[in-house]
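Raw contents of query_8.txt, compact mmCIF, C-alpha atoms:
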# COMPACT_ATOMS: atom_id res chain seq x y z
CA MET U 961 -2.99 30.99 7.96
CA LYS U 962 -0.05 30.00 10.13
CA LEU U 963 -0.24 26.21 10.26
CA THR U 964 -1.43 23.23 8.20
CA ILE U 965 -1.33 19.75 9.67
CA VAL U 966 -1.38 16.94 7.09
CA VAL U 967 -2.54 13.51 8.25
CA PRO U 968 -2.35 10.54 5.82
CA VAL U 969 -5.02 8.00 6.79
CA PHE U 970 -5.26 4.36 5.80
CA ASN U 971 -7.57 2.08 7.80
CA GLU U 972 -7.23 3.87 11.13
CA GLU U 973 -10.87 3.85 12.32
CA GLU U 974 -9.89 2.87 15.87
CA ASN U 975 -7.43 5.74 16.27
CA LEU U 976 -9.11 8.59 14.39
CA PRO U 977 -11.56 9.82 17.08
CA GLU U 978 -8.83 10.22 19.70
CA LEU U 979 -6.38 11.58 17.12
CA CYS U 980 -8.83 14.29 16.06
CA ARG U 981 -9.46 15.26 19.67
CA GLN U 982 -5.74 15.57 20.39
CA VAL U 983 -4.89 17.40 17.16
CA PHE U 984 -7.56 20.08 17.49
CA SER U 985 -6.82 20.48 21.20
CA SER U 986 -3.17 21.03 20.32
CA LEU U 987 -4.18 23.61 17.73
CA ASP U 988 -6.23 25.44 20.34
CA ARG U 989 -3.34 25.49 22.78
CA CYS U 990 -0.94 26.73 20.09
CA GLY U 991 -3.12 29.79 19.66
CA VAL U 992 -2.44 29.90 15.90
CA VAL U 993 -4.82 29.98 12.96
CA GLY U 994 -4.59 26.56 11.36
CA GLU U 995 -6.21 23.73 9.47
CA VAL U 996 -5.96 19.94 9.46
CA ILE U 997 -5.97 18.12 6.12
CA PHE U 998 -6.84 14.42 6.38
CA VAL U 999 -5.92 12.44 3.27
CA ASP U 1000 -7.88 9.19 3.07
CA ASP U 1001 -5.55 6.89 1.16
CA GLY U 1002 -8.18 4.40 -0.05
CA SER U 1003 -9.30 3.15 3.38
CA HIS U 1004 -11.80 0.29 3.30
CA ASP U 1005 -12.90 0.54 6.93
CA ALA U 1006 -14.94 3.28 8.63
CA SER U 1007 -12.14 5.88 8.46
CA LEU U 1008 -13.84 7.95 5.77
CA ALA U 1009 -17.16 7.98 7.62
CA ILE U 1010 -15.42 9.22 10.76
CA LEU U 1011 -13.65 11.94 8.81
CA ARG U 1012 -16.94 13.06 7.28
CA GLN U 1013 -18.41 13.47 10.76
CA VAL U 1014 -15.38 15.38 11.96
CA ALA U 1015 -15.56 17.74 8.97
CA GLN U 1016 -19.23 18.45 9.69
CA HIS U 1017 -18.52 19.60 13.23
CA GLU U 1018 -15.03 21.11 12.88
CA ALA U 1019 -14.51 23.97 10.43
CA ARG U 1020 -10.75 23.53 10.50
CA ALA U 1021 -10.95 19.96 9.18
CA ARG U 1022 -10.36 19.24 5.49
CA VAL U 1023 -10.63 15.83 3.85
CA ILE U 1024 -9.06 14.56 0.63
CA ARG U 1025 -10.19 11.17 -0.54
CA PHE U 1026 -8.17 9.04 -2.94
CA THR U 1027 -9.79 6.67 -5.41
CA ARG U 1028 -7.53 3.88 -4.15
CA ASN U 1029 -4.49 3.31 -2.00
CA PHE U 1030 -1.60 5.23 -3.55
CA GLY U 1031 0.76 5.15 -0.57
CA GLN U 1032 2.01 7.54 2.07
CA THR U 1033 4.14 9.63 -0.26
CA ALA U 1034 1.18 10.35 -2.55
CA ALA U 1035 -1.02 11.18 0.45
CA MET U 1036 1.54 13.64 1.76
CA ALA U 1037 2.02 15.19 -1.68
CA ALA U 1038 -1.73 15.79 -1.96
CA GLY U 1039 -1.85 17.32 1.51
CA PHE U 1040 1.16 19.52 0.83
CA ALA U 1041 -0.35 20.75 -2.45
CA ALA U 1042 -3.61 21.70 -0.72
CA ALA U 1043 -1.98 23.32 2.31
CA GLN U 1044 -2.59 27.02 2.93
CA GLY U 1045 -0.51 27.40 6.09
CA GLU U 1046 2.85 29.11 6.23
CA VAL U 1047 4.15 26.02 8.05
CA VAL U 1048 3.17 22.46 7.14
CA VAL U 1049 3.39 19.63 9.69
CA PRO U 1050 2.74 16.01 8.59
CA LEU U 1051 1.51 13.67 11.30
CA ASP U 1052 0.85 9.91 11.42
CA ALA U 1053 -2.71 8.81 12.10
CA ASP U 1054 -1.75 5.92 14.39
CA LEU U 1055 -1.35 8.09 17.54
CA GLN U 1056 2.33 7.23 17.84
CA ASN U 1057 3.27 10.84 17.09
CA ASN U 1058 2.29 13.24 19.86
CA PRO U 1059 0.50 16.41 18.64
CA GLU U 1060 1.77 18.15 21.80
CA ASP U 1061 5.19 18.33 20.10
CA ILE U 1062 3.88 20.61 17.35
CA PRO U 1063 4.43 23.89 19.30
CA ARG U 1064 8.08 22.90 19.82
CA LEU U 1065 8.50 22.34 16.08
CA LEU U 1066 6.93 25.73 15.37
CA ALA U 1067 9.27 27.38 17.88
CA LYS U 1068 12.26 26.05 15.93
CA ILE U 1069 10.75 27.32 12.68
CA ASP U 1070 10.41 30.73 14.30
CA GLU U 1071 14.14 30.63 15.09
CA GLY U 1072 14.80 30.74 11.35
CA PHE U 1073 14.96 27.09 10.29
CA ASP U 1074 13.13 25.92 7.16
CA VAL U 1075 12.84 22.24 8.10
CA VAL U 1076 12.57 20.81 11.62
CA SER U 1077 12.72 17.02 11.74
CA GLY U 1078 11.41 14.97 14.63
CA TRP U 1079 13.75 12.46 16.27
CA ARG U 1080 12.09 9.52 18.03
CA ARG U 1081 14.95 9.12 20.48
CA ASP U 1082 12.98 6.72 22.72
CA ARG U 1083 11.22 4.80 19.99
CA ARG U 1084 8.44 2.41 21.05
CA ASP U 1085 8.66 -0.18 18.28
CA ARG U 1086 9.97 -3.70 17.88
CA LEU U 1087 13.75 -3.93 17.82
CA LEU U 1088 14.41 -6.39 15.00
CA SER U 1089 11.61 -5.55 12.57
CA ARG U 1090 11.48 -1.77 13.01
CA ARG U 1091 14.17 -0.10 15.10
CA LEU U 1092 17.28 -1.93 13.84
CA PRO U 1093 16.47 -1.60 10.10
CA SER U 1094 15.57 2.05 10.71
CA LEU U 1095 18.89 2.67 12.48
CA LEU U 1096 20.87 1.18 9.61
CA ALA U 1097 18.80 3.03 7.01
CA ASN U 1098 19.22 6.37 8.79
CA ARG U 1099 22.99 5.99 8.91
CA LEU U 1100 23.09 5.00 5.26
CA ILE U 1101 20.88 7.94 4.22
CA SER U 1102 22.88 10.41 6.30
CA GLY U 1103 26.16 9.16 4.84
CA ILE U 1104 24.98 9.35 1.23
CA THR U 1105 23.03 12.62 1.39
CA HIS U 1106 25.41 14.36 3.85
CA VAL U 1107 22.36 15.65 5.75
CA HIS U 1108 22.92 14.05 9.14
CA LEU U 1109 19.64 13.27 10.91
CA HIS U 1110 18.98 10.56 13.45
CA ASP U 1111 15.48 9.70 12.22
CA TYR U 1112 14.51 10.20 8.59
CA GLY U 1113 11.52 7.89 9.06
CA CYS U 1114 9.74 10.05 11.63
CA THR U 1115 6.66 11.53 9.96
CA LEU U 1116 6.39 14.38 12.47
CA LYS U 1117 8.30 17.25 10.88
CA ALA U 1118 7.72 20.94 10.21
CA TYR U 1119 8.35 22.58 6.85
CA ARG U 1120 8.01 26.09 5.56
CA ARG U 1121 5.50 25.78 2.74
CA GLU U 1122 7.71 27.55 0.20
CA VAL U 1123 10.30 24.80 0.68
CA LEU U 1124 7.77 22.09 -0.17
CA GLU U 1125 6.66 23.95 -3.28
CA LYS U 1126 10.12 23.33 -4.78
CA ILE U 1127 10.01 19.55 -4.25
CA ASN U 1128 8.17 16.90 -6.28
CA LEU U 1129 7.35 13.71 -4.38
CA TYR U 1130 6.96 10.19 -5.76
CA GLY U 1131 7.97 6.65 -4.80
CA GLU U 1132 9.01 6.69 -1.13
CA LEU U 1133 10.62 10.12 -1.30
CA HIS U 1134 8.57 11.66 1.53
CA ARG U 1135 11.17 10.49 4.06
CA PHE U 1136 13.95 12.19 2.06
CA VAL U 1137 12.32 15.63 2.01
CA PRO U 1138 14.88 17.12 4.47
CA ALA U 1139 17.73 16.08 2.17
CA LEU U 1140 15.94 17.32 -0.94
CA ALA U 1141 15.12 20.59 0.85
CA PHE U 1142 18.76 20.99 1.87
CA GLN U 1143 19.67 20.70 -1.81
CA VAL U 1144 17.70 23.89 -2.56
CA GLY U 1145 19.26 25.78 0.33
CA ALA U 1146 16.88 25.06 3.22
CA ARG U 1147 18.17 25.26 6.78
CA VAL U 1148 17.55 21.90 8.45
CA THR U 1149 17.60 20.87 12.10
CA GLU U 1150 16.04 18.22 14.32
CA ILE U 1151 14.64 17.95 17.84
CA PRO U 1152 13.71 14.94 19.99
CA VAL U 1153 9.98 14.21 19.97
CA ASP U 1154 7.72 11.89 21.93
CA HIS U 1155 6.94 8.49 20.47
CA ARG U 1156 4.13 6.33 21.80
CA PRO U 1157 3.37 2.64 21.29
CA ARG U 1158 0.58 1.72 18.91
CA LEU U 1159 -2.49 0.83 20.97
CA ALA U 1160 -4.99 0.01 18.22
CA GLY U 1161 -5.02 -0.95 14.57
CA VAL U 1162 -2.34 -2.67 12.55
CA SER U 1163 0.98 -1.19 11.45
CA LYS U 1164 1.25 -0.54 7.70
CA TYR U 1165 5.05 -0.77 7.76
CA GLY U 1166 7.02 -3.96 7.21
CA ILE U 1167 10.59 -5.09 6.70
CA ASP U 1168 10.00 -4.99 2.91
CA ARG U 1169 9.80 -1.20 3.09
CA THR U 1170 13.51 -1.07 3.95
CA LEU U 1171 14.34 -2.41 0.49
CA ARG U 1172 12.12 0.21 -1.17
CA VAL U 1173 13.82 2.93 0.88
CA VAL U 1174 17.28 1.76 -0.20
CA LEU U 1175 16.22 1.73 -3.86
CA ASP U 1176 14.76 5.23 -3.57
CA LEU U 1177 17.99 6.32 -1.90
CA VAL U 1178 19.74 5.65 -5.21
CA THR U 1179 17.26 8.02 -6.86
CA VAL U 1180 17.86 10.65 -4.17
CA LYS U 1181 21.63 10.40 -4.58
CA PHE U 1182 21.26 10.92 -8.31
CA LEU U 1183 18.87 13.85 -7.80
CA LEU U 1184 21.17 15.50 -5.27
CA LYS U 1185 24.36 15.28 -7.29
CA TYR U 1186 23.72 14.51 -10.96
CA ALA U 1187 20.14 15.55 -11.79
CA THR U 1188 21.32 18.50 -13.90
CA ARG U 1189 24.54 16.91 -15.19
CA PRO U 1190 24.02 13.16 -15.77
CA LEU U 1191 26.90 12.96 -18.26
CA GLN U 1192 29.34 13.55 -15.41
CA LEU U 1193 28.13 10.37 -13.70
CA PHE U 1194 28.05 8.19 -16.81
CA GLY U 1195 31.24 9.83 -18.05
CA LYS U 1196 33.10 8.63 -14.97
CA TRP U 1197 31.88 5.09 -15.58
CA ALA U 1198 32.81 5.37 -19.27
CA PHE U 1199 36.31 6.58 -18.39
CA GLY U 1200 36.77 3.69 -15.94
CA ALA U 1201 35.52 1.11 -18.43
CA GLY U 1202 37.68 2.60 -21.20
CA LEU U 1203 40.77 2.55 -18.99
CA LEU U 1204 40.21 -1.07 -18.03
CA SER U 1205 39.60 -1.94 -21.69
CA THR U 1206 42.91 -0.35 -22.67
CA LEU U 1207 44.78 -2.18 -19.91
CA ALA U 1208 43.21 -5.51 -20.85
CA PHE U 1209 44.11 -5.02 -24.54
CA ALA U 1210 47.65 -3.95 -23.67
CA LEU U 1211 48.06 -7.05 -21.51
CA THR U 1212 46.72 -9.19 -24.35
CA VAL U 1213 49.31 -7.77 -26.77
CA TRP U 1214 52.10 -8.22 -24.22
CA MET U 1215 51.13 -11.86 -23.63
CA LYS U 1216 51.18 -12.49 -27.39
CA TYR U 1217 54.70 -11.18 -27.97
CA ALA U 1218 56.27 -12.00 -24.61
CA GLU U 1219 54.77 -15.43 -24.02
CA GLY U 1220 53.57 -16.42 -27.49
CA LEU U 1221 49.92 -16.74 -26.41
CA SER U 1222 47.50 -16.37 -29.32
CA MET U 1223 45.29 -13.30 -29.04
CA ASN U 1224 42.17 -15.06 -30.32
CA ARG U 1225 42.46 -17.61 -27.52
CA ASN U 1226 43.00 -15.03 -24.80
CA PRO U 1227 39.82 -14.19 -22.82
CA LEU U 1228 41.32 -10.79 -22.01
CA LEU U 1229 40.67 -9.74 -25.61
CA ILE U 1230 36.95 -10.45 -25.17
CA LEU U 1231 37.00 -8.58 -21.86
CA SER U 1232 38.69 -5.62 -23.54
CA ALA U 1233 36.04 -5.50 -26.28
CA LEU U 1234 33.23 -5.82 -23.73
CA LEU U 1235 34.62 -2.97 -21.62
CA LEU U 1236 35.09 -0.79 -24.69
CA PHE U 1237 31.48 -1.43 -25.70
CA SER U 1238 30.38 -0.60 -22.13
CA ALA U 1239 32.27 2.70 -22.24
CA VAL U 1240 30.48 3.67 -25.46
CA GLN U 1241 27.15 2.69 -23.91
CA PHE U 1242 27.83 4.82 -20.81
CA ILE U 1243 28.65 7.84 -22.97
CA ALA U 1244 25.45 7.30 -24.96
CA LEU U 1245 23.41 7.03 -21.75
CA GLY U 1246 25.00 10.20 -20.43
CA LEU U 1247 24.17 12.12 -23.60
CA LEU U 1248 20.59 10.84 -23.54
CA GLY U 1249 20.37 11.86 -19.90
CA GLU U 1250 21.57 15.36 -20.79
CA LEU U 1251 18.87 15.61 -23.46
CA VAL U 1252 16.17 14.41 -21.07
CA THR U 1253 17.35 16.82 -18.37
CA ARG U 1254 17.28 19.80 -20.70
CA THR U 1255 13.87 18.82 -22.07
CA TYR U 1256 12.56 18.47 -18.50
CA HIS U 1257 13.74 21.92 -17.45
CA GLU U 1258 12.75 23.68 -20.67
CA VAL U 1259 9.27 22.17 -20.93
CA GLN U 1260 8.44 22.89 -17.29
CA ASP U 1261 10.33 26.18 -17.27
CA LYS U 1262 11.91 24.95 -14.05
CA PRO U 1263 14.97 26.95 -12.95
CA ILE U 1264 18.22 25.26 -11.99
CA TYR U 1265 18.62 27.56 -8.98
CA THR U 1266 16.56 28.89 -6.07
CA ILE U 1267 16.47 32.41 -4.64
CA ARG U 1268 15.92 33.10 -0.95
CA GLU U 1269 15.78 36.89 -1.13
CA THR U 1270 15.96 39.80 -3.56
CA ILE U 1271 16.70 43.49 -2.93
CA ASN U 1272 15.29 46.40 -4.91
CA LEU U 1273 13.55 44.15 -7.43
CA ASP U 1274 9.86 44.17 -8.29
CA ASP U 1275 7.57 41.11 -8.52
CA ARG U 1276 9.43 39.84 -11.58
Show me, as structure tokens, the structure contained in the file I just sent.
Amino acid sequence: MKLTIVVPVFNEEENLPELCRQVFSSLDRCGVVGEVIFVDDGSHDASLAILRQVAQHEARARVIRFTRNFGQTAAMAAGFAAAQGEVVVPLDADLQNNPEDIPRLLAKIDEGFDVVSGWRRDRRDRLLSRRLPSLLANRLISGITHVHLHDYGCTLKAYRREVLEKINLYGELHRFVPALAFQVGARVTEIPVDHRPRLAGVSKYGIDRTLRVVLDLVTVKFLLKYATRPLQLFGKWAFGAGLLSTLAFALTVWMKYAEGLSMNRNPLLILSALLLFSAVQFIALGLLGELVTRTYHEVQDKPIYTIRETINLDDR
């Protein structure tokens, strides 16, 4: 199977009939063998009933139903895990992504890229509540991850399935998949895609999601740089705290003998002790992190490297 399209669905009864028509028409025009996995993320409208009808009449339709609303990242993770296609393309259910862009994403994959990210260059959303926070978030993410994309928030992307198999999703990490894929050696690019205004239903995104994205960005930064060596992060903090503690203590001693100021009345002595205690705590956290990291890799038998190709080796 060449292609799997993954569609997270949450209360989109007004958009689903037209979405299904467009998606399967796009599949027909692509001329590839494919499937469409709809993940019902705890909808409480008629979305599930519509998906049942679609699955009865369309053999390429698959439906995964959650017990409750787990969020877009969980829906994508379930769709990715069930995908059988060589290429996996997630797609929003609100009709703002255009399925006609899928062949262009596949063409880029065929050029040798592992991840092709959609860029909503002419985005049809509100400026203050959607576009401006997204612009700031994209610049922040690009600067921290060093994977420079214009639009991390665009759901419409194309991934080689083997890339997704190396990535575990949780929180809001679905938008960071290009950066996480780049970490394991994937070749990433982006192309402009069409973006249409929402005509029906209610947007599930709000300004509060920006805060969740920023918090998850801290997780991504840690995963990208220190996941296998946490002591190096906490060690830097410990060194800084220890250096400041030493300077504060040295200044305390100098003030006692040069200016006659009593050490037990000097707040710098308390600051020095606090910084020294912090340095010890950082070292302890780093060592605990090292133990957790090694337990994680050894229990799951997860390698700390990825291989793109082997020569003259058997299936081992």
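The residue that comes closest to U:Ser986, out of U:Gly1045, U:Gly1145, U:Pro1059, U:Gly1002 and on the basis of all atoms listed in the file, is U:Pro1059.
Using only C-alpha atoms, the nearest neighbour of U:Gly1039 within the list U:Pro1063, U:Gly1103, U:Gly1220, U:Pro968 is U:Pro968.
Nearest residue to U:Lys1068 among U:Ala1038, U:Ile1104, U:Ile1151, U:Leu1124 is U:Ile1151, counting only C-alpha atoms.
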### Task
Find the spatial neighbours of stretch 1137-1142 of chain U, counting all atoms listed in the file, within a cut-off of 7 Å - ignore same-chain residues fewer than 5 positions away - and output them as a PyMOL selection string.
chain U and resi 1075+1105+1107+1123+1147-1148
Residues as selected, C-alpha atoms, written as a PDB file, in the frame of the given file, can you do that?
ATOM      1  CA  VAL U1075      12.840  22.240   8.100  1.00  0.00           C
ATOM      2  CA  THR U1105      23.030  12.620   1.390  1.00  0.00           C
ATOM      3  CA  VAL U1107      22.360  15.650   5.750  1.00  0.00           C
ATOM      4  CA  VAL U1123      10.300  24.800   0.680  1.00  0.00           C
ATOM      5  CA  ARG U1147      18.170  25.260   6.780  1.00  0.00           C
ATOM      6  CA  VAL U1148      17.550  21.900   8.450  1.00  0.00           C
TER       7      VAL U1148
END
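Between atom CA of U:Cys980 and atom CA of U:Ile1062 the separation is 14.3 Å.
Omitting U:Ala1015 and its sequence neighbours fewer than 5 positions away, and counting all atoms listed in the file, the residues within 12 Å are Cys980, Phe984, Glu995, Val996, Ile997, Phe998, Leu1008, Ala1009, Ile1010, Arg1020, Ala1021, Arg1022, Val1023 and Ile1024 of chain U.
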Export of the given selection (C-alpha atoms) as a CSV table (one decimal), in the coordinates of the input:
chain,number,residue,atom,x,y,z
U,980,CYS,CA,-8.8,14.3,16.1
U,984,PHE,CA,-7.6,20.1,17.5
U,995,GLU,CA,-6.2,23.7,9.5
U,996,VAL,CA,-6.0,19.9,9.5
U,997,ILE,CA,-6.0,18.1,6.1
U,998,PHE,CA,-6.8,14.4,6.4
U,1008,LEU,CA,-13.8,8.0,5.8
U,1009,ALA,CA,-17.2,8.0,7.6
U,1010,ILE,CA,-15.4,9.2,10.8
U,1020,ARG,CA,-10.8,23.5,10.5
U,1021,ALA,CA,-11.0,20.0,9.2
U,1022,ARG,CA,-10.4,19.2,5.5
U,1023,VAL,CA,-10.6,15.8,3.8
U,1024,ILE,CA,-9.1,14.6,0.6
